[in-house]
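Colleague: Pasting upload-v1.txt here (compact mmCIF, C-alpha atoms and all ligand atoms):
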```txt
# COMPACT_ATOMS: atom_id res chain seq x y z
CA MET V 198 0.00 0.00 0.00
CA ARG V 199 1.32 3.43 -0.92
CA VAL V 200 2.10 6.08 1.67
CA PRO V 201 0.47 8.51 1.45
CA LYS V 202 -2.68 6.61 0.50
CA GLN V 203 -4.45 8.11 -2.53
CA ILE V 204 -8.01 8.72 -1.41
CA THR V 205 -11.15 10.21 -2.98
CA ILE V 206 -14.03 11.37 -0.78
CA LEU V 207 -17.45 11.53 -2.42
CA GLY V 208 -19.78 13.76 -0.40
CA SER V 209 -16.93 15.62 1.32
CA THR V 210 -19.15 18.52 2.42
CA GLY V 211 -21.48 16.26 4.42
CA SER V 212 -21.27 15.06 7.99
CA ILE V 213 -19.21 11.93 7.17
CA GLY V 214 -17.13 13.68 4.51
CA ARG V 215 -16.14 16.51 6.88
CA ALA V 216 -15.26 14.01 9.61
CA ALA V 217 -13.12 12.07 7.12
CA LEU V 218 -11.18 15.23 6.32
CA GLU V 219 -10.63 15.72 10.06
CA VAL V 220 -9.11 12.23 10.10
CA VAL V 221 -6.83 13.23 7.20
CA ALA V 222 -5.77 16.38 9.07
CA ALA V 223 -5.08 14.37 12.25
CA SER V 224 -2.61 12.06 10.45
CA PRO V 225 -0.24 14.24 8.42
CA GLY V 226 1.50 12.33 5.63
CA ALA V 227 -0.86 9.33 5.75
CA PHE V 228 -3.24 10.40 2.97
CA GLU V 229 -3.19 12.34 -0.27
CA VAL V 230 -6.70 13.56 -1.10
CA VAL V 231 -7.07 13.18 -4.86
CA ALA V 232 -10.69 14.28 -5.36
CA LEU V 233 -13.71 15.59 -3.45
CA SER V 234 -17.38 16.18 -4.30
CA ALA V 235 -20.49 18.07 -3.21
CA LEU V 236 -24.01 18.57 -4.48
CA SER V 237 -24.39 22.33 -3.96
CA ASN V 238 -22.06 23.51 -1.18
CA SER V 239 -19.45 24.83 -3.60
CA THR V 240 -18.03 27.32 -1.11
CA LEU V 241 -17.05 24.63 1.39
CA LEU V 242 -15.88 22.37 -1.45
CA ALA V 243 -13.53 25.11 -2.68
CA GLU V 244 -12.18 25.64 0.86
CA GLN V 245 -11.58 21.90 1.24
CA ALA V 246 -9.86 21.70 -2.15
CA ALA V 247 -7.52 24.53 -1.19
CA ARG V 248 -6.77 23.17 2.28
CA PHE V 249 -6.04 19.60 1.16
CA GLY V 250 -4.35 20.37 -2.19
CA VAL V 251 -6.94 18.41 -4.17
CA GLN V 252 -6.55 17.89 -7.96
CA ARG V 253 -10.18 17.27 -8.97
CA VAL V 254 -13.62 18.13 -7.60
CA ALA V 255 -17.13 17.26 -8.76
CA ILE V 256 -20.13 19.48 -8.13
CA GLY V 257 -23.61 18.12 -8.75
CA ASP V 258 -25.51 21.39 -9.01
CA GLU V 259 -24.38 22.83 -12.33
CA ALA V 260 -25.50 26.36 -11.38
CA ARG V 261 -23.09 26.63 -8.42
CA SER V 262 -19.78 28.37 -8.82
CA ALA V 263 -17.00 29.17 -6.36
CA ASP V 264 -13.39 30.28 -6.28
CA PHE V 265 -11.65 26.97 -6.77
CA PRO V 266 -7.86 27.10 -6.41
CA PRO V 267 -5.94 27.47 -9.70
CA GLY V 268 -5.25 24.14 -11.40
CA VAL V 269 -8.17 22.29 -9.79
CA VAL V 270 -10.23 20.44 -12.40
CA VAL V 271 -13.95 21.04 -11.75
CA LEU V 272 -16.21 18.27 -13.09
CA ARG V 273 -19.93 18.79 -13.50
CA GLY V 274 -22.91 16.80 -14.65
CA ALA V 275 -23.98 13.19 -14.82
CA GLY V 276 -21.11 10.77 -14.74
CA ALA V 277 -18.64 13.03 -12.88
CA LEU V 278 -18.94 11.02 -9.65
CA ASP V 279 -18.59 7.74 -11.55
CA ASP V 280 -15.35 9.06 -13.11
CA LEU V 281 -13.95 9.94 -9.69
CA ALA V 282 -15.03 6.66 -8.08
CA GLY V 283 -13.77 4.55 -10.98
CA ASP V 284 -10.28 6.10 -11.07
CA PRO V 285 -8.05 3.00 -11.18
CA ASP V 286 -5.14 4.83 -9.55
CA LEU V 287 -6.80 5.15 -6.13
CA ASP V 288 -6.12 3.26 -2.91
CA LEU V 289 -9.53 4.07 -1.43
CA VAL V 290 -12.87 5.65 -2.33
CA LEU V 291 -14.95 6.87 0.61
CA ASN V 292 -18.59 6.82 -0.50
CA ALA V 293 -20.14 9.39 1.84
CA LEU V 294 -22.95 10.37 -0.52
CA VAL V 295 -26.47 10.31 0.81
CA GLY V 296 -29.36 8.19 -0.48
CA SER V 297 -29.53 6.81 -3.99
CA SER V 298 -26.93 9.31 -5.28
CA GLY V 299 -24.30 6.86 -3.98
CA LEU V 300 -25.50 3.97 -6.12
CA LYS V 301 -23.84 4.52 -9.51
CA PRO V 302 -20.51 5.74 -8.07
CA ALA V 303 -20.47 2.61 -5.85
CA LEU V 304 -20.90 0.49 -8.96
CA ALA V 305 -18.13 2.39 -10.77
CA ALA V 306 -15.73 1.90 -7.85
CA VAL V 307 -16.51 -1.81 -7.45
CA ARG V 308 -16.33 -2.44 -11.19
CA THR V 309 -12.81 -0.93 -11.21
CA GLY V 310 -11.79 -3.12 -8.26
CA ASN V 311 -11.23 -0.15 -5.96
CA ARG V 312 -11.40 -0.58 -2.20
CA VAL V 313 -14.51 1.25 -0.96
CA ALA V 314 -15.15 2.64 2.51
CA VAL V 315 -18.94 2.31 2.58
CA ALA V 316 -20.83 5.02 4.45
CA ASN V 317 -23.56 5.14 1.80
CA LYS V 318 -25.51 2.10 2.98
CA GLU V 319 -28.25 2.79 0.41
CA SER V 320 -25.95 1.56 -2.38
CA LEU V 321 -25.67 -1.87 -0.72
CA VAL V 322 -29.35 -1.94 0.15
CA MET V 323 -30.47 -1.08 -3.38
CA ALA V 324 -27.86 -3.02 -5.31
CA GLY V 325 -26.27 -5.57 -2.96
CA GLU V 326 -27.40 -8.35 -5.30
CA LEU V 327 -25.23 -6.77 -8.00
CA LEU V 328 -22.36 -5.21 -6.04
CA ILE V 329 -21.37 -8.16 -3.83
CA PRO V 330 -20.89 -10.72 -6.64
CA MET V 331 -19.16 -8.05 -8.75
CA ALA V 332 -16.77 -7.23 -5.88
CA SER V 333 -15.78 -10.85 -5.58
CA VAL V 334 -14.90 -10.88 -9.29
CA THR V 335 -13.01 -7.56 -9.40
CA GLY V 336 -11.36 -7.96 -5.98
CA SER V 337 -12.96 -4.75 -4.68
CA GLU V 338 -13.02 -4.76 -0.86
CA LEU V 339 -15.97 -3.12 0.93
CA ILE V 340 -14.97 -1.74 4.33
CA PRO V 341 -17.86 -0.59 6.53
CA VAL V 342 -18.04 2.93 7.92
CA ASP V 343 -21.31 2.65 9.83
CA SER V 344 -20.29 2.30 13.48
CA GLU V 345 -22.36 -0.90 13.90
CA HIS V 346 -20.83 -2.67 10.92
CA SER V 347 -17.35 -1.42 11.70
CA ALA V 348 -17.76 -2.92 15.19
CA ILE V 349 -18.86 -6.27 13.76
CA PHE V 350 -16.08 -6.20 11.14
CA ARG V 351 -13.55 -5.69 13.95
CA CYS V 352 -15.07 -8.40 16.18
CA LEU V 353 -15.08 -10.88 13.31
CA LYS V 354 -11.34 -10.51 12.78
CA GLY V 355 -9.69 -13.57 14.29
CA THR V 356 -13.05 -15.35 14.73
CA ARG V 357 -13.64 -18.55 12.81
CA ARG V 358 -16.72 -18.49 10.62
CA ASP V 359 -18.07 -21.69 12.19
CA GLU V 360 -17.83 -20.01 15.60
CA VAL V 361 -20.31 -17.30 14.59
CA ASP V 362 -24.00 -17.77 15.32
CA GLY V 363 -25.07 -14.30 14.20
CA VAL V 364 -24.80 -10.58 14.90
CA THR V 365 -26.71 -8.10 17.04
CA LEU V 366 -26.89 -4.47 15.93
CA THR V 367 -27.37 -1.90 18.65
CA ALA V 368 -29.79 0.99 18.17
CA SER V 369 -29.87 4.10 20.35
CA GLY V 370 -33.64 4.25 19.95
CA GLY V 371 -33.24 7.71 18.42
CA PRO V 372 -34.79 10.98 19.53
CA LEU V 373 -38.33 9.57 19.88
CA ARG V 374 -37.48 6.59 22.09
CA GLY V 375 -40.10 6.07 24.76
CA MET V 376 -42.78 8.04 22.88
CA SER V 377 -46.03 6.23 22.04
CA SER V 378 -46.61 5.58 18.32
CA GLU V 379 -49.54 8.08 18.46
CA ALA V 380 -47.29 10.84 19.86
CA SER V 381 -44.39 10.11 17.52
CA ALA V 382 -46.71 10.19 14.47
CA THR V 383 -47.03 13.96 14.93
CA ALA V 384 -43.53 14.67 16.30
CA SER V 385 -42.12 18.01 15.15
CA LEU V 386 -39.13 18.34 12.83
CA ASP V 387 -37.07 19.82 15.70
CA ASP V 388 -37.88 16.83 17.93
CA VAL V 389 -36.97 14.37 15.19
CA LEU V 390 -33.66 16.10 14.39
CA ASN V 391 -32.64 16.20 18.06
CA HIS V 392 -30.67 12.92 18.20
CA PRO V 393 -29.55 12.08 21.75
CA THR V 394 -26.12 10.54 21.01
CA TRP V 395 -25.07 10.99 17.36
CA ASN V 396 -24.56 14.20 15.41
CA MET V 397 -25.37 13.25 11.79
CA GLY V 398 -26.77 14.52 8.49
CA ARG V 399 -30.51 15.29 8.26
CA LYS V 400 -31.68 12.24 6.32
CA VAL V 401 -29.91 9.69 8.49
CA THR V 402 -31.15 11.49 11.62
CA VAL V 403 -34.77 11.28 10.46
CA ASP V 404 -34.20 7.64 9.45
CA SER V 405 -32.81 6.99 12.94
CA ALA V 406 -35.95 8.37 14.54
CA SER V 407 -38.14 6.12 12.38
CA MET V 408 -35.71 3.14 12.68
CA PHE V 409 -35.77 2.91 8.90
CA ASN V 410 -32.02 3.41 9.25
CA LYS V 411 -31.76 0.33 11.49
CA GLY V 412 -33.62 -1.69 8.88
CA LEU V 413 -31.17 -0.45 6.23
CA GLU V 414 -28.37 -1.53 8.54
CA VAL V 415 -29.85 -5.01 8.92
CA MET V 416 -29.75 -5.31 5.14
CA GLU V 417 -26.25 -3.84 5.03
CA ALA V 418 -25.14 -6.53 7.53
CA HIS V 419 -26.81 -9.20 5.40
CA TRP V 420 -24.67 -8.19 2.40
CA LEU V 421 -21.42 -7.28 4.12
CA PHE V 422 -21.23 -10.35 6.36
CA ASP V 423 -23.10 -12.85 4.17
CA LEU V 424 -25.64 -13.62 6.89
CA PRO V 425 -29.31 -14.64 6.48
CA TYR V 426 -31.83 -12.23 7.98
CA ASP V 427 -32.81 -14.58 10.81
CA ARG V 428 -29.25 -14.40 12.15
CA ILE V 429 -29.27 -10.59 12.41
CA ALA V 430 -30.89 -9.15 15.53
CA VAL V 431 -31.36 -5.62 16.90
CA VAL V 432 -31.28 -4.47 20.52
CA VAL V 433 -31.92 -0.96 21.83
CA HIS V 434 -28.96 0.47 23.73
CA PRO V 435 -29.57 4.15 24.53
CA GLN V 436 -25.99 5.09 25.49
CA SER V 437 -24.52 4.17 22.03
CA ILE V 438 -21.33 2.86 23.67
CA VAL V 439 -21.61 -0.79 22.61
CA HIS V 440 -21.53 -0.35 18.85
CA SER V 441 -22.65 -3.91 18.00
CA LEU V 442 -22.03 -7.53 18.91
CA VAL V 443 -21.13 -10.86 17.38
CA ARG V 444 -22.99 -13.84 18.85
CA LEU V 445 -20.95 -17.02 19.08
CA VAL V 446 -22.34 -20.56 18.87
CA ASP V 447 -21.46 -21.17 22.53
CA GLY V 448 -23.93 -18.44 23.50
CA SER V 449 -21.34 -15.80 24.40
CA LEU V 450 -20.94 -12.36 22.79
CA LEU V 451 -18.10 -10.27 21.40
CA ALA V 452 -18.66 -6.53 21.52
CA HIS V 453 -16.88 -3.40 20.36
CA LEU V 454 -17.22 -0.40 22.70
CA GLY V 455 -16.27 3.22 22.23
CA GLU V 456 -17.41 6.82 22.41
CA PRO V 457 -20.10 7.66 19.82
CA ASP V 458 -17.79 9.52 17.41
CA MET V 459 -17.97 8.67 13.71
CA LYS V 460 -14.29 9.54 13.30
CA VAL V 461 -13.50 6.20 14.98
CA PRO V 462 -15.07 3.92 12.33
CA ILE V 463 -14.15 6.35 9.54
CA GLN V 464 -10.50 6.30 10.59
CA TYR V 465 -10.60 2.50 10.86
CA ALA V 466 -11.88 2.16 7.28
CA MET V 467 -9.42 4.75 5.96
CA PHE V 468 -6.36 3.07 7.48
CA TYR V 469 -7.50 -0.51 6.90
CA PRO V 470 -5.72 -2.97 6.89
CA ASP V 471 -3.29 -0.94 9.01
CA PRO V 472 -4.27 -0.11 12.59
CA PRO V 473 -5.85 3.32 13.14
CA PRO V 474 -3.36 5.48 15.05
CA VAL V 475 -5.36 8.37 16.56
CA ALA V 476 -7.58 8.17 19.68
CA PHE V 477 -10.65 10.34 19.14
CA GLY V 478 -11.74 10.24 22.78
CA ARG V 479 -11.18 7.33 25.15
CA CYS V 480 -14.00 5.17 26.44
CA ASP V 481 -14.07 5.49 30.26
CA LEU V 482 -16.60 2.96 31.56
CA GLY V 483 -16.21 4.19 35.15
CA ALA V 484 -17.33 7.66 34.07
CA ILE V 485 -20.14 6.28 31.89
CA GLY V 486 -21.43 4.31 34.87
CA GLY V 487 -24.14 2.15 33.36
CA LEU V 488 -25.03 0.52 30.07
CA SER V 489 -28.58 -0.58 29.43
CA PHE V 490 -30.33 -2.72 26.80
CA GLU V 491 -33.96 -3.26 25.90
CA PRO V 492 -35.79 -5.16 23.14
CA LEU V 493 -36.84 -3.27 20.02
CA ASP V 494 -40.60 -2.64 20.05
CA GLU V 495 -41.24 -3.06 16.33
CA ALA V 496 -44.85 -1.93 16.68
CA CYS V 497 -43.58 1.61 17.47
CA TYR V 498 -41.41 1.69 14.35
CA PRO V 499 -43.42 0.65 11.24
CA CYS V 500 -40.64 1.87 8.89
CA TYR V 501 -38.29 -0.73 10.38
CA GLY V 502 -40.62 -3.62 9.57
CA LEU V 503 -41.29 -2.32 6.05
CA ILE V 504 -37.65 -2.10 5.01
CA VAL V 505 -36.63 -5.42 6.58
CA GLU V 506 -39.55 -7.12 4.84
CA ALA V 507 -38.43 -5.51 1.55
CA GLY V 508 -34.97 -6.96 2.21
CA ARG V 509 -36.39 -10.43 2.70
CA ILE V 510 -38.37 -10.12 -0.55
CA GLY V 511 -35.20 -9.02 -2.35
CA GLY V 512 -34.96 -8.02 -6.02
CA THR V 513 -35.88 -4.38 -6.52
CA ALA V 514 -38.10 -4.23 -3.39
CA PRO V 515 -35.33 -2.66 -1.23
CA ALA V 516 -34.59 -0.06 -3.93
CA ILE V 517 -38.31 0.80 -4.09
CA ALA V 518 -38.55 1.12 -0.30
CA ALA V 519 -35.33 3.16 -0.04
CA THR V 520 -36.45 5.56 -2.79
CA ALA V 521 -39.89 5.97 -1.23
CA ASP V 522 -38.23 6.75 2.10
CA GLU V 523 -35.96 9.34 0.46
CA VAL V 524 -38.99 11.09 -1.06
CA ALA V 525 -40.96 10.85 2.19
CA VAL V 526 -38.11 12.12 4.37
CA GLY V 527 -37.65 15.05 1.96
CA ALA V 528 -41.39 15.83 2.25
CA PHE V 529 -41.22 15.58 6.04
CA THR V 530 -38.18 17.88 6.34
CA ASP V 531 -39.97 20.33 3.99
CA GLU V 532 -42.88 20.07 6.47
CA ARG V 533 -45.30 18.82 3.80
CA ILE V 534 -46.19 15.55 5.55
CA ARG V 535 -46.20 14.41 9.18
CA PHE V 536 -43.55 12.11 10.63
CA GLY V 537 -46.03 9.22 10.91
CA GLN V 538 -46.84 9.51 7.20
CA ILE V 539 -43.31 8.50 6.15
CA ALA V 540 -44.32 4.87 6.74
CA SER V 541 -47.55 5.39 4.74
CA VAL V 542 -45.55 6.63 1.73
CA ILE V 543 -43.18 3.63 1.89
CA GLU V 544 -46.01 1.13 2.30
CA ALA V 545 -48.11 2.59 -0.52
CA THR V 546 -45.09 2.67 -2.85
CA LEU V 547 -44.18 -0.95 -2.08
CA ASP V 548 -47.80 -1.88 -2.82
CA GLY V 549 -47.97 0.18 -6.01
CA VAL V 550 -44.67 -0.54 -7.80
CA ARG V 551 -43.98 -3.92 -9.37
CA PHE V 552 -40.89 -5.81 -8.10
CA ALA V 553 -38.28 -7.18 -10.52
CA PRO V 554 -34.98 -9.02 -10.12
CA ALA V 555 -32.11 -6.70 -9.13
CA ASP V 556 -29.54 -8.48 -11.25
CA ASN V 557 -28.65 -5.52 -13.45
CA MET V 558 -28.36 -1.80 -13.00
CA ASP V 559 -31.09 -0.99 -15.52
CA HIS V 560 -33.69 -2.87 -13.46
CA ILE V 561 -32.58 -1.10 -10.28
CA LEU V 562 -32.57 2.37 -11.86
CA ALA V 563 -35.96 1.75 -13.51
CA ALA V 564 -37.40 0.66 -10.14
CA GLU V 565 -35.91 3.76 -8.51
CA ASP V 566 -37.44 6.05 -11.17
CA GLU V 567 -40.83 4.38 -10.92
CA ALA V 568 -40.78 4.42 -7.11
CA ARG V 569 -39.82 8.12 -7.04
CA VAL V 570 -42.73 9.11 -9.30
CA TYR V 571 -45.14 6.90 -7.34
CA ALA V 572 -43.96 8.16 -3.94
CA LEU V 573 -44.17 11.79 -5.07
CA GLY V 574 -47.80 11.09 -6.05
CA VAL V 575 -48.54 9.62 -2.61
CA VAL V 576 -46.91 12.63 -0.94
CA ALA V 577 -48.98 15.01 -3.08
CA GLN V 578 -52.19 13.27 -1.96
CA LEU V 579 -51.17 13.27 1.71
CA ALA V 580 -50.04 16.90 1.61
CA ASP V 581 -53.39 18.11 0.15
N1 LIG V 601 -23.68 11.18 9.46
C1 LIG V 601 -23.42 10.08 10.12
O1 LIG V 601 -23.00 10.12 11.27
C2 LIG V 601 -23.62 8.73 9.48
C3 LIG V 601 -23.40 7.58 10.23
C4 LIG V 601 -23.49 6.36 9.60
C5 LIG V 601 -23.80 6.27 8.25
N2 LIG V 601 -24.05 7.41 7.56
C6 LIG V 601 -24.38 7.31 6.13
O2 LIG V 601 -23.41 8.05 5.39
C7 LIG V 601 -24.02 8.62 4.24
C8 LIG V 601 -23.77 10.13 4.26
O3 LIG V 601 -24.46 10.66 5.39
P1 LIG V 601 -24.23 12.14 5.91
O4 LIG V 601 -24.95 12.21 7.18
O5 LIG V 601 -22.77 12.49 5.85
O6 LIG V 601 -25.02 12.97 4.78
P2 LIG V 601 -25.02 14.56 4.56
O7 LIG V 601 -24.47 15.25 5.73
O8 LIG V 601 -26.39 14.88 4.09
O9 LIG V 601 -23.98 14.73 3.34
C9 LIG V 601 -24.22 14.19 2.08
C10 LIG V 601 -23.12 14.55 1.11
O10 LIG V 601 -23.51 14.12 -0.22
C11 LIG V 601 -23.71 15.27 -1.07
N3 LIG V 601 -24.93 15.02 -1.82
C12 LIG V 601 -26.21 15.03 -1.35
N4 LIG V 601 -27.08 14.71 -2.35
C13 LIG V 601 -26.35 14.51 -3.45
C14 LIG V 601 -26.67 14.20 -4.80
N5 LIG V 601 -27.94 14.02 -5.20
N6 LIG V 601 -25.66 14.08 -5.69
C15 LIG V 601 -24.38 14.25 -5.30
N7 LIG V 601 -24.00 14.57 -4.04
C16 LIG V 601 -24.98 14.67 -3.12
C17 LIG V 601 -23.83 16.45 -0.15
O11 LIG V 601 -23.44 17.67 -0.82
P3 LIG V 601 -23.95 19.11 -0.25
O12 LIG V 601 -23.24 19.32 1.06
O13 LIG V 601 -23.51 20.07 -1.31
O14 LIG V 601 -25.44 19.01 -0.10
C18 LIG V 601 -22.86 16.05 0.96
O15 LIG V 601 -21.52 16.24 0.53
C19 LIG V 601 -25.51 8.23 4.29
O16 LIG V 601 -25.74 7.09 3.52
C20 LIG V 601 -25.73 7.90 5.78
O17 LIG V 601 -26.77 6.96 5.98
C21 LIG V 601 -23.95 8.63 8.13
```
Would you mind giving the structure from this file in structure tokens?
Ligand SMILES: NC(=O)c1ccc[n+]([C@@H]2O[C@H](COP(=O)([O-])OP(=O)(O)OC[C@H]3O[C@@H](n4cnc5c(N)ncnc54)[C@H](OP(=O)(O)O)[C@@H]3O)[C@@H](O)[C@H]2O)c1
Modeller:
Amino acid sequence: MRVPKQITILGSTGSIGRAALEVVAASPGAFEVVALSALSNSTLLAEQAARFGVQRVAIGDEARSADFPPGVVVLRGAGALDDLAGDPDLDLVLNALVGSSGLKPALAAVRTGNRVAVANKESLVMAGELLIPMASVTGSELIPVDSEHSAIFRCLKGTRRDEVDGVTLTASGGPLRGMSSEASATASLDDVLNHPTWNMGRKVTVDSASMFNKGLEVMEAHWLFDLPYDRIAVVVHPQSIVHSLVRLVDGSLLAHLGEPDMKVPIQYAMFYPDPPPVAFGRCDLGAIGGLSFEPLDEACYPCYGLIVEAGRIGGTAPAIAATADEVAVGAFTDERIRFGQIASVIEATLDGVRFAPADNMDHILAAEDEARVYALGVVAQLAD
């Protein structure tokens, strides 16, 4: 592996992307940032390009301009992210895009055989059936960034496969934990965005409140660790200190504990297979005092059940559910629908759009397009 590692960060202006650049800054000489991208925050993108001496940037919103440093190549339009992700001269692509925008760049990176640090779980959820077999052909390694999957990835190192019974993902319970389903159905945007332990982007914060995010993570674990759904469990753990667990056949558990700081799993994925050198906070159990666990009450979180069921169905069902959620979350954050109606949009879209096999990108993109149109129609009716 080269030192410095040549790394491209897609979605560098977002919560994960900014944290990844903090990791770069904390380890001088370890990384050379080759390319960065944003949708519309061109001002921050230009600052990042100047600070990290980046050669290429991609900006999704063609109308945005900014003072990029001289010599920086600015790519625009469809295909720019695929070009960056598919650059064969990279050591690592961090896919920190949000929602379905991460799908095609993930495919481009995997097709090239690049190692991918996967923050964008939606790409695995929507196209795991395509990406995982392709990765095994091209030699592309997928390293998890989600704290839960990073924890499992670390616990699985040095564990024999026949020792593993399954995995348990922890869930903080999100900002609405303890609320009745009637009260949470009308929760305000401020309440939903007020996550108790993690500071994240808007979509993933809303998805955490609805537990849709946990369902996406169940599917992500299914693909990353090649586990059937009935061997993936979820437990609520409000302190977010135990990041997840591996269950062994003898009934015991392996856990990974740490402060809830995304720089920890991001750094792990960026340095992999080398050990991460920087301590971003130290986990002091004496100061934390107590750790608690409770079962997930699925009845309070209809979005969780819908996405996990879509995962079990397979084919394009997960892509349809993920797209419907993206549309519904957008409508909720624009204050056009209520929080409780996110599940209604997903359910109606799953009922209304035909499923197909997800064995090629055209099927997945067609399902995404159809689901988006359908979900927008459902939102329009609900918002009337
Ligand atoms: N945040 C966390 O702590 C966390 C934890 C675990 C997993 N994740 C996952 O990591 C991914 C990123 O989450 P995040 O919270 O960092 O998201 P975020 O803060 O919303 O950032 C998203 C990034 O993607 C860019 N972007 C958004 N829409 C785009 C589009 N249509 N085309 C191209 N670029 C686009 C944004 O650019 P602009 O800034 O210009 O809008 C930004 O750079 C998600 O899949 C999330 O589930 C996040």
Colleague: With distances taken over only C-alpha atoms, which of V:Val389, V:Ile438, V:Val269, V:Ala227 is nearest to V:Glu244?
Modeller: V:Val269
Colleague: Give me, as an MDAnalysis selection string, the set of residues whose atoms come within 7 Å of any atom of ligand LIG 601 (chain V), counting all atoms listed in the file.
Modeller: chainID V and resid 207:214 234:239 257 293:296 298 316:319 342:344 395:401 459
Colleague: For atom CA of V:Met416 and atom CA of V:Val505, quote the distance in Å rounded to one decimal.
Modeller: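 Interatomic distance, atom CA of V:Met416 to atom CA of V:Val505: 7.0 Å.
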Colleague: Which is closer to V:Ile543 than all the others in V:Ala516, V:Ala572, V:Ala243, V:Ala563, using only C-alpha atoms?
Modeller: V:Ala572
Colleague: Interatomic distance between atom CA of V:Ala525 and atom CA of V:Met408?
Modeller: 14.0 Å
Colleague: Mind pulling up the distance from atom CA of V:Glu491 to atom CA of V:Asp388?
Modeller: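 Separating atom CA of V:Asp388 from atom CA of V:Glu491 is a distance of 22.0 Å.
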Colleague: Can you work out which one of V:Gly355, V:Pro225, V:Pro267, V:Pro302 has the shortest atom-to-atom distance to V:Thr205, counting all atoms listed in the file?
Modeller: V:Pro302
Colleague: Which residue, V:Gly371, V:Val526, V:Gly512, V:Val443, has the smallest gap to V:Lys354 when you use only C-alpha atoms?
Modeller: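 With only C-alpha atoms as the atom set, the closest residue is V:Val443.
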